[in-house]
file run-v3.cif (mmCIF, C-alpha atoms)
data_final
#
loop_
_atom_site.label_atom_id
_atom_site.label_comp_id
_atom_site.auth_asym_id
_atom_site.auth_seq_id
_atom_site.Cartn_x
_atom_site.Cartn_y
_atom_site.Cartn_z
CA MET A 8 305.43 72.83 268.13
CA THR A 9 307.40 70.17 266.28
CA ASP A 10 309.45 67.54 268.03
CA LYS A 11 312.70 69.24 267.24
CA GLU A 12 311.68 72.58 268.73
CA ALA A 13 310.46 70.88 271.88
CA VAL A 14 313.65 68.85 272.22
CA GLN A 15 316.31 71.56 272.14
CA PRO A 16 315.29 73.51 275.26
CA ALA A 17 314.82 70.26 277.19
CA GLU A 18 318.28 69.08 276.14
CA THR A 19 319.88 72.37 277.17
CA ARG A 20 318.03 72.60 280.46
CA LEU A 21 318.51 68.98 281.52
CA LYS A 22 322.16 69.03 280.55
CA ALA A 23 322.82 72.16 282.61
CA LEU A 24 321.09 70.56 285.61
CA LEU A 25 322.98 67.29 285.24
CA LEU A 26 326.37 69.02 284.92
CA ARG A 27 325.70 70.94 288.12
CA GLY A 28 324.58 67.71 289.72
CA LEU A 29 327.81 65.99 288.69
CA ASP A 30 329.68 68.77 290.49
CA GLY A 31 327.80 67.90 293.66
CA ASP A 32 324.80 70.25 293.49
CA ALA A 33 322.09 68.02 294.98
CA ALA A 34 319.19 70.43 294.28
CA ALA A 35 320.08 70.69 290.58
CA TYR A 36 320.55 66.93 290.42
CA HIS A 37 317.16 66.43 292.03
CA ASP A 38 315.53 68.67 289.40
CA PHE A 39 317.37 66.81 286.67
CA LEU A 40 316.09 63.40 287.83
CA ASP A 41 312.62 64.79 288.40
CA ASP A 42 312.40 66.28 284.91
CA LEU A 43 313.97 63.22 283.41
CA SER A 44 311.42 60.92 285.02
CA GLY A 45 308.67 62.87 283.22
CA HIS A 46 310.38 62.42 279.88
CA LEU A 47 311.07 58.76 280.52
CA ARG A 48 307.47 58.16 281.53
CA ALA A 49 306.13 59.72 278.32
CA PHE A 50 308.73 57.88 276.25
CA LEU A 51 307.87 54.51 277.81
CA ARG A 52 304.09 55.00 277.77
CA ARG A 53 304.26 55.41 274.02
CA ARG A 54 306.33 52.29 273.62
CA LEU A 55 304.97 49.94 276.21
CA TYR A 56 301.31 50.16 275.42
CA ARG A 57 300.90 46.50 276.25
CA PHE A 58 302.60 46.86 279.60
CA GLN A 59 301.26 50.21 280.84
CA GLU A 60 301.10 49.03 284.42
CA GLU A 61 304.85 48.43 284.38
CA VAL A 62 305.91 51.80 283.02
CA GLU A 63 306.58 53.23 286.46
CA ASP A 64 308.77 50.28 287.47
CA LEU A 65 310.85 50.79 284.38
CA VAL A 66 311.06 54.57 284.93
CA GLN A 67 312.51 53.85 288.36
CA GLU A 68 314.90 51.27 287.04
CA ILE A 69 316.21 53.65 284.38
CA LEU A 70 316.60 56.42 286.96
CA ILE A 71 318.79 54.16 289.09
CA ALA A 72 320.79 53.18 286.00
CA VAL A 73 321.27 56.85 285.06
CA HIS A 74 322.42 57.51 288.60
CA ASN A 75 324.80 54.54 288.74
CA GLY A 76 326.27 55.38 285.34
CA ARG A 77 326.45 59.14 285.72
CA HIS A 78 330.25 59.15 285.86
CA THR A 79 330.32 58.08 282.19
CA TYR A 80 328.62 61.24 280.94
CA ARG A 81 330.88 63.79 279.26
CA PRO A 82 329.73 67.36 278.61
CA GLU A 83 330.66 67.25 274.91
CA GLN A 84 328.14 64.45 274.30
CA PRO A 85 324.47 65.28 273.61
CA LEU A 86 322.57 64.31 276.74
CA THR A 87 319.73 62.91 274.63
CA ALA A 88 322.06 60.33 273.09
CA TRP A 89 323.43 59.28 276.46
CA VAL A 90 320.06 58.94 278.21
CA HIS A 91 318.49 57.33 275.18
CA ALA A 92 321.17 54.63 275.08
CA ILE A 93 320.55 53.80 278.75
CA ALA A 94 316.76 53.86 278.40
CA ARG A 95 316.92 51.70 275.31
CA TYR A 96 319.25 49.23 277.00
CA LYS A 97 316.94 48.87 280.00
CA LEU A 98 313.85 48.73 277.82
CA ALA A 99 315.38 46.02 275.64
CA ASP A 100 316.31 44.09 278.78
CA PHE A 101 312.76 44.36 280.03
CA LEU A 102 311.23 43.33 276.72
CA ARG A 103 313.61 40.41 276.37
CA GLY A 104 312.32 39.15 279.67
CA ARG A 105 308.68 39.76 278.79
CA MET A 106 308.33 38.61 275.24
CA ARG A 107 311.01 36.17 274.44
CA HIS A 108 309.27 34.91 271.37
CA GLU A 109 307.44 37.95 270.17
CA ALA A 110 308.80 40.45 267.73
CA LEU A 111 309.28 43.99 268.89
CA ASN A 112 306.46 46.05 267.49
CA GLU A 113 307.92 49.45 267.76
CA PRO A 114 311.34 50.64 266.76
CA LEU A 115 313.39 51.91 269.69
CA ASP A 116 315.64 53.92 267.49
CA GLU A 117 314.40 57.47 267.29
CA GLN A 118 316.36 59.33 269.94
CA ALA A 119 314.65 62.60 269.16
CA GLY A 120 311.44 61.32 270.69
CA LEU A 121 312.94 61.00 274.13
CA PHE A 122 312.86 64.64 275.20
CA ALA A 123 309.90 65.54 272.95
CA ALA A 124 307.25 64.97 275.55
CA THR A 125 306.98 64.74 279.27
CA ASP A 126 304.42 63.12 281.50
CA GLY A 127 304.18 64.13 285.12
CA ASP A 128 301.36 61.80 285.94
CA ALA A 129 303.15 59.07 287.86
CA ALA A 130 301.26 55.86 288.36
CA GLU A 131 301.96 53.71 291.36
CA ALA A 132 305.04 51.54 290.85
CA ARG A 133 304.18 47.87 291.23
CA ARG A 134 307.52 46.82 292.53
CA ASP A 135 308.38 48.24 295.91
CA VAL A 136 311.96 49.45 295.81
CA GLY A 137 311.62 50.34 299.48
CA LYS A 138 311.20 46.65 300.32
CA LEU A 139 314.23 45.73 298.22
CA LEU A 140 316.23 48.37 300.07
CA GLU A 141 315.32 46.80 303.38
CA GLN A 142 316.82 43.51 302.23
CA LEU A 143 320.27 44.96 301.58
CA PRO A 144 323.03 44.02 304.03
CA ASP A 145 323.51 46.50 306.89
CA LYS A 146 326.76 47.99 305.63
CA GLN A 147 324.87 49.13 302.52
CA ARG A 148 321.40 49.60 303.94
CA LEU A 149 322.43 51.84 306.85
CA PRO A 150 324.50 54.29 304.78
CA ILE A 151 321.64 54.58 302.27
CA LEU A 152 319.08 54.96 305.06
CA HIS A 153 320.98 57.72 306.85
CA VAL A 154 322.55 59.60 303.94
CA LYS A 155 319.85 59.20 301.34
CA LEU A 156 316.62 58.91 303.30
CA GLN A 157 317.29 60.86 306.48
CA GLY A 158 319.59 63.40 304.89
CA LEU A 159 322.47 63.01 307.33
CA SER A 160 325.96 63.93 306.16
CA VAL A 161 328.58 61.27 305.55
CA ALA A 162 330.39 62.28 308.75
CA GLU A 163 327.21 62.07 310.83
CA THR A 164 326.32 58.72 309.32
CA ALA A 165 329.79 57.44 310.12
CA ARG A 166 329.27 58.46 313.75
CA VAL A 167 325.79 56.93 314.03
CA THR A 168 326.70 53.64 312.37
CA GLY A 169 330.26 53.23 313.61
CA LEU A 170 331.44 52.79 310.02
CA SER A 171 334.33 54.80 308.61
CA GLU A 172 333.48 57.71 306.30
CA SER A 173 334.86 55.92 303.28
CA ALA A 174 332.85 52.81 304.21
CA VAL A 175 329.72 54.98 304.26
CA LYS A 176 330.46 56.34 300.79
CA VAL A 177 331.28 52.89 299.44
CA GLY A 178 328.16 51.50 301.12
CA VAL A 179 325.90 54.00 299.38
CA HIS A 180 327.59 53.42 296.04
CA ARG A 181 327.60 49.61 296.23
CA GLY A 182 324.13 49.51 297.75
CA LEU A 183 322.61 51.33 294.80
CA LYS A 184 324.38 48.98 292.41
CA VAL A 185 323.13 45.94 294.28
CA LEU A 186 319.68 47.47 294.31
CA ALA A 187 319.81 47.85 290.53
CA ALA A 188 320.87 44.21 290.22
CA ARG A 189 318.05 43.06 292.53
CA ILE A 190 315.51 45.04 290.55
CA ARG A 191 316.81 43.42 287.37
CA GLY A 192 316.45 40.03 289.00
CA LYS A 193 312.78 40.69 289.75
CA ILE A 194 311.83 41.44 286.18
CA MET B 20 308.26 53.50 296.66
CA LYS B 21 306.97 56.40 294.59
CA THR B 22 309.13 57.71 291.79
CA GLN B 23 309.29 61.12 293.48
CA ASP B 24 310.67 59.50 296.61
CA MET B 25 313.20 57.59 294.59
CA VAL B 26 314.35 60.80 292.91
CA ALA B 27 314.77 62.35 296.34
CA LEU B 28 316.67 59.29 297.51
CA LEU B 29 319.05 59.27 294.57
CA ALA B 30 319.70 63.01 294.74
CA ALA B 31 320.19 63.24 298.52
CA GLY B 32 323.74 64.01 299.55
CA VAL B 33 325.32 63.49 296.12
CA GLU B 34 329.02 64.12 295.99
CA PRO B 35 330.96 65.50 293.04
CA VAL B 36 331.57 62.77 290.50
CA ASP B 37 335.06 61.73 289.46
CA ARG B 38 335.15 62.58 285.75
CA ARG B 39 338.41 60.75 285.18
CA ALA B 40 337.05 57.37 286.25
CA LEU B 41 337.22 55.98 282.72
CA GLY B 42 340.84 56.90 282.10
CA ARG B 43 341.89 55.63 285.50
CA ARG B 44 340.11 52.30 285.11
CA PHE B 45 341.59 51.59 281.70
CA GLY B 46 344.98 52.76 282.92
CA TRP B 47 344.93 50.19 285.72
CA ALA B 48 343.62 47.53 283.38
CA LEU B 49 346.48 48.07 280.92
CA LEU B 50 349.01 48.05 283.71
CA ALA B 51 347.62 44.83 285.17
CA GLY B 52 347.19 43.27 281.74
CA GLY B 53 350.67 44.20 280.49
CA GLY B 54 352.43 43.41 283.75
CA GLY B 55 350.49 40.18 284.21
CA ALA B 56 351.24 38.98 280.67
CA LEU B 57 354.93 39.81 281.08
CA ILE B 58 355.19 37.94 284.38
CA LEU B 59 353.28 34.92 283.08
CA MET B 60 355.48 34.88 279.98
CA LEU B 61 358.70 35.01 282.03
CA LEU B 62 357.45 32.29 284.39
CA SER B 63 356.10 29.94 281.74
CA VAL B 64 357.82 30.13 278.34
CA GLY B 65 360.58 32.67 279.11
CA LEU B 66 362.39 35.23 276.96
CA ARG B 67 363.89 34.03 273.71
CA PRO B 68 367.59 33.41 274.34
CA ASP B 69 368.75 35.53 271.41
CA LEU B 70 366.56 38.53 272.30
CA ASP B 71 369.56 40.91 272.42
CA ALA B 72 370.52 40.14 268.85
CA VAL B 73 366.93 40.23 267.60
CA LEU B 74 366.29 43.69 269.04
CA ALA B 75 368.53 45.12 266.33
CA GLN B 76 366.45 43.66 263.50
CA PRO B 77 363.72 45.83 261.95
CA ILE B 78 361.54 42.76 261.35
CA PHE B 79 361.31 42.24 265.12
CA TRP B 80 359.89 45.75 265.54
CA ALA B 81 357.51 45.20 262.67
CA LYS B 82 356.28 42.14 264.53
CA MET B 83 355.86 44.12 267.77
CA ALA B 84 354.05 46.87 265.86
CA PHE B 85 351.24 44.51 264.85
CA PRO B 86 349.80 43.85 268.36
CA LEU B 87 350.80 47.33 269.54
CA LEU B 88 348.76 48.98 266.79
CA LEU B 89 345.84 46.66 267.47
CA ALA B 90 345.98 47.48 271.18
CA ALA B 91 346.18 51.19 270.35
CA ALA B 92 343.03 50.87 268.25
CA ALA B 93 341.15 48.55 270.64
CA LEU B 94 341.71 50.82 273.65
CA PRO B 95 339.71 53.83 272.43
CA ALA B 96 337.08 51.52 270.94
CA ALA B 97 336.63 49.74 274.28
CA ALA B 98 336.51 53.10 276.06
CA ARG B 99 333.80 54.37 273.71
CA LEU B 100 331.79 51.19 274.11
CA SER B 101 331.93 51.64 277.88
CA ARG B 102 329.90 54.83 277.65
CA PRO B 103 326.20 54.88 276.73
CA GLY B 104 325.41 56.36 273.33
CA VAL B 105 329.02 56.63 272.13
CA PRO B 106 329.32 54.19 269.21
CA VAL B 107 332.60 53.25 267.55
CA ARG B 108 332.65 55.20 264.31
CA GLY B 109 333.97 54.23 260.89
CA ARG B 110 337.42 55.58 261.64
CA GLY B 111 337.63 53.52 264.81
CA TRP B 112 336.80 50.33 262.92
CA ALA B 113 339.24 51.29 260.17
CA THR B 114 342.13 51.67 262.63
CA LEU B 115 341.24 48.25 264.05
CA ALA B 116 341.14 46.63 260.62
CA ALA B 117 344.23 48.37 259.19
CA PRO B 118 346.97 46.46 261.08
CA VAL B 119 345.32 43.14 260.18
CA LEU B 120 344.95 44.05 256.52
CA ILE B 121 348.53 45.31 256.30
CA VAL B 122 349.93 42.13 257.86
CA TRP B 123 347.76 39.99 255.58
CA ALA B 124 348.90 41.89 252.52
CA ALA B 125 352.55 41.57 253.56
CA ALA B 126 352.03 37.86 254.26
CA ALA B 127 350.51 37.37 250.81
CA VAL B 128 353.49 39.07 249.17
CA VAL B 129 355.96 36.94 251.12
CA LEU B 130 354.09 33.73 250.30
CA LEU B 131 353.82 34.57 246.60
CA ALA B 132 357.51 35.40 246.36
CA ALA B 133 358.59 32.23 248.16
CA PRO B 134 359.60 29.07 246.34
CA ASP B 135 357.01 26.30 246.31
CA GLY B 136 358.48 24.10 249.00
CA GLU B 137 358.98 26.97 251.43
CA ARG B 138 355.43 28.24 251.78
CA LEU B 139 354.17 25.79 254.35
CA ARG B 140 357.17 26.44 256.61
CA LEU B 141 356.62 30.22 256.39
CA LEU B 142 353.01 29.80 257.40
CA MET B 143 353.34 27.20 260.14
CA GLY B 144 356.78 27.98 261.56
CA SER B 145 357.74 25.51 264.25
CA THR B 146 355.45 26.71 267.04
CA TRP B 147 352.04 27.12 265.44
CA ARG B 148 350.49 24.55 267.73
CA ARG B 149 351.14 26.40 270.95
CA CYS B 150 351.38 30.03 269.79
CA PRO B 151 347.65 30.94 269.93
CA LEU B 152 347.12 29.00 273.14
CA VAL B 153 350.05 30.66 274.90
CA ILE B 154 348.81 34.08 273.78
CA ALA B 155 345.35 33.28 275.12
CA PHE B 156 346.92 32.10 278.39
CA LEU B 157 348.99 35.29 278.71
CA SER B 158 345.87 37.37 278.11
CA VAL B 159 344.07 36.05 281.20
CA PRO B 160 345.14 38.85 283.59
CA GLY B 161 344.38 41.51 280.99
CA PHE B 162 341.02 39.93 280.22
CA LEU B 163 339.97 40.03 283.86
CA ALA B 164 341.30 43.56 284.31
CA VAL B 165 339.64 44.96 281.18
CA MET B 166 336.30 43.36 282.07
CA TRP B 167 336.61 44.87 285.54
CA ALA B 168 337.26 48.27 283.95
CA ILE B 169 334.23 48.06 281.65
CA ARG B 170 331.99 46.70 284.39
CA GLY B 171 332.63 49.79 286.48
CA LEU B 172 331.51 52.01 283.61
CA ALA B 173 328.22 51.66 281.78
CA THR B 174 328.25 49.76 278.52
CA THR B 175 324.96 49.39 276.70
CA ARG B 176 326.54 47.06 274.11
CA PRO B 177 327.84 44.29 276.38
CA ARG B 178 328.59 41.74 273.67
CA LEU B 179 330.56 44.11 271.48
CA ALA B 180 332.28 45.70 274.47
CA GLY B 181 333.24 42.20 275.67
CA ALA B 182 334.68 41.33 272.26
CA ILE B 183 336.71 44.51 271.88
CA GLY B 184 337.80 44.31 275.52
CA GLY B 185 338.97 40.74 274.91
CA LEU B 186 340.82 41.83 271.80
CA LEU B 187 342.56 44.54 273.81
CA ALA B 188 343.66 41.97 276.38
CA GLY B 189 344.82 39.64 273.60
CA ALA B 190 346.80 42.37 271.84
CA VAL B 191 348.55 43.40 275.06
CA ALA B 192 349.39 39.74 275.77
CA THR B 193 350.79 39.34 272.26
CA VAL B 194 353.20 42.23 272.81
CA ALA B 195 354.61 40.30 275.76
CA TYR B 196 354.60 37.07 273.72
CA CYS B 197 356.76 38.74 271.04
CA LEU B 198 359.61 38.79 273.56
CA HIS B 199 359.46 35.01 273.66
CA CYS B 200 358.33 33.98 270.19
CA PRO B 201 361.09 32.67 267.89
CA GLU B 202 359.03 33.05 264.69
CA MET B 203 360.20 35.82 262.36
CA GLU B 204 358.04 35.23 259.28
CA VAL B 205 355.16 37.56 258.49
CA PRO B 206 352.74 34.82 257.32
CA PHE B 207 353.09 33.15 260.71
CA TRP B 208 351.95 36.23 262.67
CA ALA B 209 349.25 36.95 260.14
CA VAL B 210 347.56 33.69 261.10
CA TRP B 211 348.65 32.52 264.54
CA TYR B 212 349.10 35.82 266.39
CA LEU B 213 345.76 36.93 265.09
CA LEU B 214 344.14 33.68 266.15
CA GLY B 215 345.69 34.05 269.60
CA MET B 216 344.17 37.51 269.96
CA LEU B 217 340.81 36.39 268.61
CA LEU B 218 340.47 33.71 271.30
CA PRO B 219 340.04 36.22 274.17
CA ALA B 220 337.99 38.45 271.84
CA GLY B 221 335.60 35.57 271.14
CA LEU B 222 335.42 34.70 274.82
CA GLY B 223 334.62 38.35 275.54
CA ALA B 224 331.80 38.30 273.01
CA LEU B 225 330.49 35.11 274.57
CA LEU B 226 330.68 36.28 278.20
CA GLY B 227 330.08 40.01 277.67
CA PRO B 228 326.30 39.93 278.03
CA ARG B 229 326.68 38.18 281.36
CA LEU B 230 329.84 39.80 282.74
CA LEU B 231 329.08 43.35 281.69
CA ARG B 232 325.38 43.56 282.43
CA TRP B 233 324.38 46.31 284.82
#
call {"tool": "encode", "arguments": {"input": "run-v3.cif", "output": "structure tokens"}}
result
Amino acid sequence: MTDKEAVQPAETRLKALLLRGLDGDAAAYHDFLDDLSGHLRAFLRRRLYRFQEEVEDLVQEILIAVHNGRHTYRPEQPLTAWVHAIARYKLADFLRGRMRHEALNEPLDEQAGLFAATDGDAAEARRDVGKLLEQLPDKQRLPILHVKLQGLSVAETARVTGLSESAVKVGVHRGLKVLAARIRGKI
Amino acid sequence: MKTQDMVALLAAGVEPVDRRALGRRFGWALLAGGGGALILMLLSVGLRPDLDAVLAQPIFWAKMAFPLLLAAAALPAAARLSRPGVPVRGRGWATLAAPVLIVWAAAAVVLLAAPDGERLRLLMGSTWRRCPLVIAFLSVPGFLAVMWAIRGLATTRPRLAGAIGGLLAGAVATVAYCLHCPEMEVPFWAVWYLLGMLLPAGLGALLGPRLLRW
């Protein structure tokens, strides 16, 4: 199968899942992120051969970026182009930090490669996002803990924490942004 | 944390996403930028005293059209740059360049037609020293508001997005400045208005990578 043939079904499938996710379908969104992490892993393994042990960290970082930026996706845009731009941005950021004075060996430009392969074999991430989560301030950490990790609803979380419902939503949203910033700081 | 766990964490309890976030953010930014520039203009340099009379002159509207067209071109460009994988295409750049090229061409015609001793006055007017600085000053609220708008989206070209965002703020500020500015000669706007708008654009290019990183 050529790259192009492999890419089209992945594009269609992932896009359908993401669009349902954007409408609030958590199961579809979960499948989207899960599938996407496989594609990202394969994409990064091919490009980061000198930093294989950091592939998983970067997969996680890109997943958070995709999540935090998901409101900028529009259905008329090819999903490949959107995800590729984010992955490339995060990869460039990572490489800038790692090899300030070395030239980039591999072009980052072929979008088509992104959905061409998938790799489900997750290595252990070196950075522990769980630890970073624990360091967030309570008004962000608690909403994330209850809503995201324990699966409580926003209303239940509001009751447990004493925060208002909108504070819970804002806490989750801001917390994930701060988390992304902390992760960036670690690299 | 394993990637699987992170996927579960991100997907848990997701709410429907507001698809109009981009339009709303830029809407607020324009409102804050335009309103802020107008207020700063009224408080600092004030309206030109003969504004009533000038409103009837076509050349005044030609002057207003210059920053208005630039703002109208910078807005969609900034919006595109705020979304991953949506580059500004040739037509977008052309609509940004067109107002500048038209004003330059008109300025060249005016300068060529003018008698020798007049040219310097047409170019420098009487306010060239402060014009770009006042425009840059008036663009401060718009600059902050536009950067806020872009920051809440997801630009993957922070330097370019910063520059175009700064240009947008500068163009909006220049519209407000037109209500004050006494200069009515095309060569003057072709140089000093443009310079005034390029100051926030340059600042945006300089600060973009830091301000707009995510």
call {"tool": "resolve_selection", "arguments": {"input": "run-v3.cif", "expression": "the PyMOL selection byres ((chain A) within 8 of (chain B))", "output": "PyMOL selection string"}}
result
chain A and resi 28-34+36-37+40-41+44+63+66-67+70-72+74+76-81+88-93+96+129+131-132+134-137+154-156+158-160+187-188
call {"tool": "resolve_selection", "arguments": {"input": "run-v3.cif", "expression": "the PyMOL selection byres ((chain B and resi 212) around 9)", "output": "list in words"}}
result
Pro86, Cys150, Pro151, Ile154, Ala190, Thr193, Phe207, Trp208, Ala209, Val210, Trp211, Leu213, Leu214, Gly215, Met216 and Leu217 of chain B
call {"tool": "closest_residue", "arguments": {"input": "run-v3.cif", "among": "B:Ala48, B:Leu187, B:Ala155, B:Gly161", "to": "Leu88 in chain B", "atoms": "all atoms listed in the file"}}
result
B:Leu187
call {"tool": "residues_around", "arguments": {"input": "run-v3.cif", "residues": "Asp128 in chain A", "least_positions_apart": "3", "cutoff": "10 Å", "atoms": "all atoms listed in the file", "output": "ChimeraX atom specification"}}
result
/A:45,48-49,125,131
call {"tool": "residues_around", "arguments": {"input": "run-v3.cif", "residues": "range 53-55 of chain B", "least_positions_apart": "2", "cutoff": "12 Å", "atoms": "only C-alpha atoms", "output": "number ranges by chain"}}
result
B: 45-51, 57-63, 87, 90, 156-165, 187-196
call {"tool": "atom_distance", "arguments": {"input": "run-v3.cif", "atom1": "CA of Ala94 in chain A", "atom2": "CA of Leu47 in chain A"}}
result
7.8 Å
call {"tool": "residues_around", "arguments": {"input": "run-v3.cif", "residues": "range 169-176 of chain A", "least_positions_apart": "3", "cutoff": "10 Å", "atoms": "only C-alpha atoms", "output": "ChimeraX atom specification"}}
result
/A:146-151,153-154,160-166,179-182 /B:33-34
call {"tool": "closest_residue", "arguments": {"input": "run-v3.cif", "among": "A:Leu26, A:Leu102, A:Leu55, A:Ala124", "to": "Gln84 in chain A", "atoms": "all atoms listed in the file"}}
result
A:Leu26
call {"tool": "axis_aligned_box", "arguments": {"input": "run-v3.cif", "around": "range 49-61 of chain A", "padding_each_side": "6 Å", "output": "lines of an AutoDock Vina configuration file"}}
result
center_x = 304.8
center_y = 53.1
center_z = 279.0
size_x = 19.8
size_y = 25.2
size_z = 22.8
call {"tool": "resolve_selection", "arguments": {"input": "run-v3.cif", "expression": "the PyMOL selection byres ((chain B and resi 144) around 10)", "output": "PyMOL selection string"}}
result
chain B and resi 138-143+145-148+201-204+206-208+211
call {"tool": "closest_residue", "arguments": {"input": "run-v3.cif", "among": "B:Leu131, B:Val153, B:Ala117, B:Ala97", "to": "Met166 in chain B", "atoms": "all atoms listed in the file"}}
result
B:Ala97
call {"tool": "atom_distance", "arguments": {"input": "run-v3.cif", "atom1": "CA of Ala99 in chain A", "atom2": "CA of Glu68 in chain A"}}
result
12.6 Å
call {"tool": "closest_residue", "arguments": {"input": "run-v3.cif", "among": "B:Arg43, B:Met83, B:Gln76, B:Gly221", "to": "His199 in chain B", "atoms": "only C-alpha atoms"}}
result
B:Met83
